[in-house]
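Structure first, commentary second.
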Amino acid sequence: MTNHPTTSSNPNRLVVALAYDGLCTFEFGVAVEVFGLARPEMGGDWYRFAVAAVDDGEMRATGGVRFTADGGLELVEQAGTIIVPGWRGMDAPVPDALCAALQRAHAKGARLLSICSGVFVLAASGLLDVKRATTHWRYTEALKERYPAITVLPDVLYVDEGTVLTSAGSAAGIDLCLHLIRRDFGTKAANMVARRLVVPPHRDGGQAQFIDKAVPELHEKARLGPLLDAMQADLSKSFTVAQLADMAGMSARTLLRRFEAATGTTPAKWLLLQRLSKAKDLLETSGLTIAAIAESCGLGSTANLRHHFREQFSTTPAAYRGRFSSTASARKSDSIFGKHDA
């Protein structure tokens, strides 16, 4: 993960989602759900939403839906943020008119955000050249081969390059959209939207191909579930592999194998991520000193917290607090979040 300075706000609140024949329904639904619903609790400065048709006439979406849109590509050039919700196929050509519209909008200051295969639209427009990007793990090699000027990061949930943002698989689009809300309106607003969606406000982790079993089998859940709960209940406590194995009623070798199959990582790395997650929460919501946060999270010292924070998030605890604290008045810089540390 690398820290990347970027604009902290965009006064043009019009979000325009692209619609096209063969529309990816889930990805489009993410854009609508996050940006297209009325949210009076957010005040009068909240996003406005429109849909721009890439193709003429009636279009089809995955699942047998037929639809028309609010307008055409003229809406793209009015937008402050443009969302590309997937694409009809990584081999499907991107119309020249769409590329030109995106280029003009970006030159005017619009932010471009792709979900999953939508990265191929941004790549075709040339707006990802010499930038970092991600996409669904099935497409990363194709993206690297076809667009060598792009630095493809295969092990993150999303990448924020300031005015161009890309997400991994479909569900990672939710993470990226919440990240954008956090950039624009702060942590409290992002948490409120996440609560409405019934999703975590922020996920740490990489893409799904790194986890062999996303949900443990029932007999594993009975043993690993309480173990994970016990580890998380007291993050200041240290656990040896032998202690964890004894708690789970397994041999050390069996525990390590099954723990990684269930979580995608080792006990030590899993525990570190939980500690860092708690540290982020405290930095955002409490007035505790960084030394007190380090101690309460089981990281011991300020130096240790700073080391792991920089390694995982490429920023310092103080800088993170300045950016995301609910009481911070300054919004300074953003990072790539969601690195898989296994």
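Each chain of the structure tokens is named A, B, ... in the order shown, its residues numbered from 1; ligands are numbered from 1 in display order.
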Legend entry - Non-local contacts of Val34 (chain A) (9 Å; only C-alpha atoms; under 4 positions in same chain excluded) as a PyMOL selection string: chain A and resi 29-30+174+177-178+193-194+197
Legend entry - Secondary structure check, helix (DSSP H, G or I) residues of region 128-264 of chain A, as number ranges by chain: A: 140-146, 172-185, 187-197, 208-210, 218-233, 241-248, 252-263
Inset, instruction - Check the smallest atom-to-atom distance from each of A:Val198, A:Leu23, A:Ala262, A:Leu271 to Gln232 (chain A) using only C-alpha atoms, then report the winner. - result: A:Leu271
Legend entry - Gly57 (chain A) environment, 8 Å, only C-alpha atoms, sequence neighbours closer than 2 positions dropped, as a list of chain:residue names: A:Asp55, A:Met59, A:Thr68
If you keep N, CA, C and O atoms, can you produce a file of those selected residues as a PDB file, in the first residue's frame?
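Output contents, as saved in again-v1.pdb:
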ATOM      1  N   ASP A  55     -25.229   3.458 -25.108  1.00  0.00           N
ATOM      2  CA  ASP A  55     -25.832   2.985 -26.357  1.00  0.00           C
ATOM      3  C   ASP A  55     -27.200   3.630 -26.557  1.00  0.00           C
ATOM      4  O   ASP A  55     -27.867   4.040 -25.602  1.00  0.00           O
ATOM      5  N   MET A  59     -31.877  -0.844 -23.770  1.00  0.00           N
ATOM      6  CA  MET A  59     -30.701  -1.660 -23.476  1.00  0.00           C
ATOM      7  C   MET A  59     -31.100  -2.838 -22.596  1.00  0.00           C
ATOM      8  O   MET A  59     -32.159  -2.837 -21.978  1.00  0.00           O
ATOM      9  N   THR A  68     -34.189   1.961 -20.229  1.00  0.00           N
ATOM     10  CA  THR A  68     -33.671   3.154 -20.886  1.00  0.00           C
ATOM     11  C   THR A  68     -33.062   4.032 -19.793  1.00  0.00           C
ATOM     12  O   THR A  68     -33.253   3.779 -18.603  1.00  0.00           O
TER      13      THR A  68
END
Inset, instruction - Show which residues sit within 7 Å of Val54 (chain A), as number ranges by chain. Count only C-alpha atoms, and ignore same-chain residues fewer than 2 positions away. - result: A: 18-20, 52, 56, 72-73, 98
Can I get the selection written as a PDB file, in the first residue's frame, with all heavy atoms?
ATOM      1  N   LEU A  18     -22.561   5.022 -15.744  1.00  0.00           N
ATOM      2  CA  LEU A  18     -22.747   4.610 -17.129  1.00  0.00           C
ATOM      3  C   LEU A  18     -23.690   3.417 -17.197  1.00  0.00           C
ATOM      4  O   LEU A  18     -23.681   2.541 -16.336  1.00  0.00           O
ATOM      5  CB  LEU A  18     -21.410   4.222 -17.753  1.00  0.00           C
ATOM      6  CG  LEU A  18     -20.327   5.300 -17.843  1.00  0.00           C
ATOM      7  CD1 LEU A  18     -19.110   4.736 -18.569  1.00  0.00           C
ATOM      8  CD2 LEU A  18     -20.844   6.551 -18.544  1.00  0.00           C
ATOM      9  N   ALA A  19     -24.515   3.408 -18.244  1.00  0.00           N
ATOM     10  CA  ALA A  19     -25.362   2.246 -18.538  1.00  0.00           C
ATOM     11  C   ALA A  19     -25.110   1.858 -19.985  1.00  0.00           C
ATOM     12  O   ALA A  19     -24.920   2.718 -20.849  1.00  0.00           O
ATOM     13  CB  ALA A  19     -26.831   2.583 -18.321  1.00  0.00           C
ATOM     14  N   TYR A  20     -25.102   0.575 -20.261  1.00  0.00           N
ATOM     15  CA  TYR A  20     -24.746   0.094 -21.589  1.00  0.00           C
ATOM     16  C   TYR A  20     -25.473  -1.214 -21.856  1.00  0.00           C
ATOM     17  O   TYR A  20     -25.957  -1.883 -20.925  1.00  0.00           O
ATOM     18  CB  TYR A  20     -23.230  -0.116 -21.682  1.00  0.00           C
ATOM     19  CG  TYR A  20     -22.673  -0.893 -20.509  1.00  0.00           C
ATOM     20  CD1 TYR A  20     -22.630  -2.294 -20.509  1.00  0.00           C
ATOM     21  CD2 TYR A  20     -22.226  -0.234 -19.365  1.00  0.00           C
ATOM     22  CE1 TYR A  20     -22.146  -3.002 -19.426  1.00  0.00           C
ATOM     23  CE2 TYR A  20     -21.744  -0.939 -18.263  1.00  0.00           C
ATOM     24  CZ  TYR A  20     -21.705  -2.318 -18.299  1.00  0.00           C
ATOM     25  OH  TYR A  20     -21.243  -3.023 -17.207  1.00  0.00           O
ATOM     26  N   ALA A  52     -26.194   7.761 -17.466  1.00  0.00           N
ATOM     27  CA  ALA A  52     -25.851   8.129 -18.840  1.00  0.00           C
ATOM     28  C   ALA A  52     -25.781   6.884 -19.714  1.00  0.00           C
ATOM     29  O   ALA A  52     -25.021   5.954 -19.421  1.00  0.00           O
ATOM     30  CB  ALA A  52     -24.515   8.871 -18.880  1.00  0.00           C
ATOM     31  N   ASP A  56     -27.628   3.690 -27.805  1.00  0.00           N
ATOM     32  CA  ASP A  56     -28.931   4.283 -28.138  1.00  0.00           C
ATOM     33  C   ASP A  56     -30.059   3.292 -27.879  1.00  0.00           C
ATOM     34  O   ASP A  56     -29.877   2.065 -27.976  1.00  0.00           O
ATOM     35  CB  ASP A  56     -28.968   4.709 -29.611  1.00  0.00           C
ATOM     36  CG  ASP A  56     -27.964   5.815 -29.912  1.00  0.00           C
ATOM     37  OD1 ASP A  56     -27.699   6.629 -28.999  1.00  0.00           O
ATOM     38  OD2 ASP A  56     -27.448   5.842 -31.042  1.00  0.00           O
ATOM     39  N   GLY A  72     -27.791  10.743 -22.411  1.00  0.00           N
ATOM     40  CA  GLY A  72     -26.665  10.117 -23.073  1.00  0.00           C
ATOM     41  C   GLY A  72     -25.341  10.610 -22.516  1.00  0.00           C
ATOM     42  O   GLY A  72     -25.249  11.052 -21.364  1.00  0.00           O
ATOM     43  N   LEU A  73     -24.317  10.571 -23.369  1.00  0.00           N
ATOM     44  CA  LEU A  73     -22.974  10.906 -22.918  1.00  0.00           C
ATOM     45  C   LEU A  73     -22.807  12.378 -22.559  1.00  0.00           C
ATOM     46  O   LEU A  73     -21.802  12.751 -21.932  1.00  0.00           O
ATOM     47  CB  LEU A  73     -21.956  10.510 -23.989  1.00  0.00           C
ATOM     48  CG  LEU A  73     -21.796   8.991 -24.216  1.00  0.00           C
ATOM     49  CD1 LEU A  73     -20.774   8.725 -25.306  1.00  0.00           C
ATOM     50  CD2 LEU A  73     -21.382   8.285 -22.919  1.00  0.00           C
ATOM     51  N   LEU A  98     -17.239   7.226 -26.127  1.00  0.00           N
ATOM     52  CA  LEU A  98     -17.196   7.112 -24.671  1.00  0.00           C
ATOM     53  C   LEU A  98     -15.820   7.498 -24.147  1.00  0.00           C
ATOM     54  O   LEU A  98     -15.705   8.241 -23.170  1.00  0.00           O
ATOM     55  CB  LEU A  98     -17.553   5.685 -24.252  1.00  0.00           C
ATOM     56  CG  LEU A  98     -17.410   5.361 -22.761  1.00  0.00           C
ATOM     57  CD1 LEU A  98     -18.239   6.306 -21.911  1.00  0.00           C
ATOM     58  CD2 LEU A  98     -17.794   3.909 -22.496  1.00  0.00           C
TER      59      LEU A  98
END
Legend entry - For Ala123 (chain A): contacts at 12 Å, only C-alpha atoms, fewer than 5 positions along chain excluded, given as JSON, numbers by chain: {"A": [84, 87, 90, 93, 94, 99, 102, 103, 112, 113, 114, 117, 118, 128, 129, 130, 131, 132, 133, 134, 135, 142, 143, 144, 145, 146, 147, 148, 149, 150, 151, 152, 164, 165, 166]}
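Nearest residue to Val51 (chain A), choosing from A:Gly36, A:Gly298, A:Gly109, A:Gly63 and counting only C-alpha atoms: A:Gly36.
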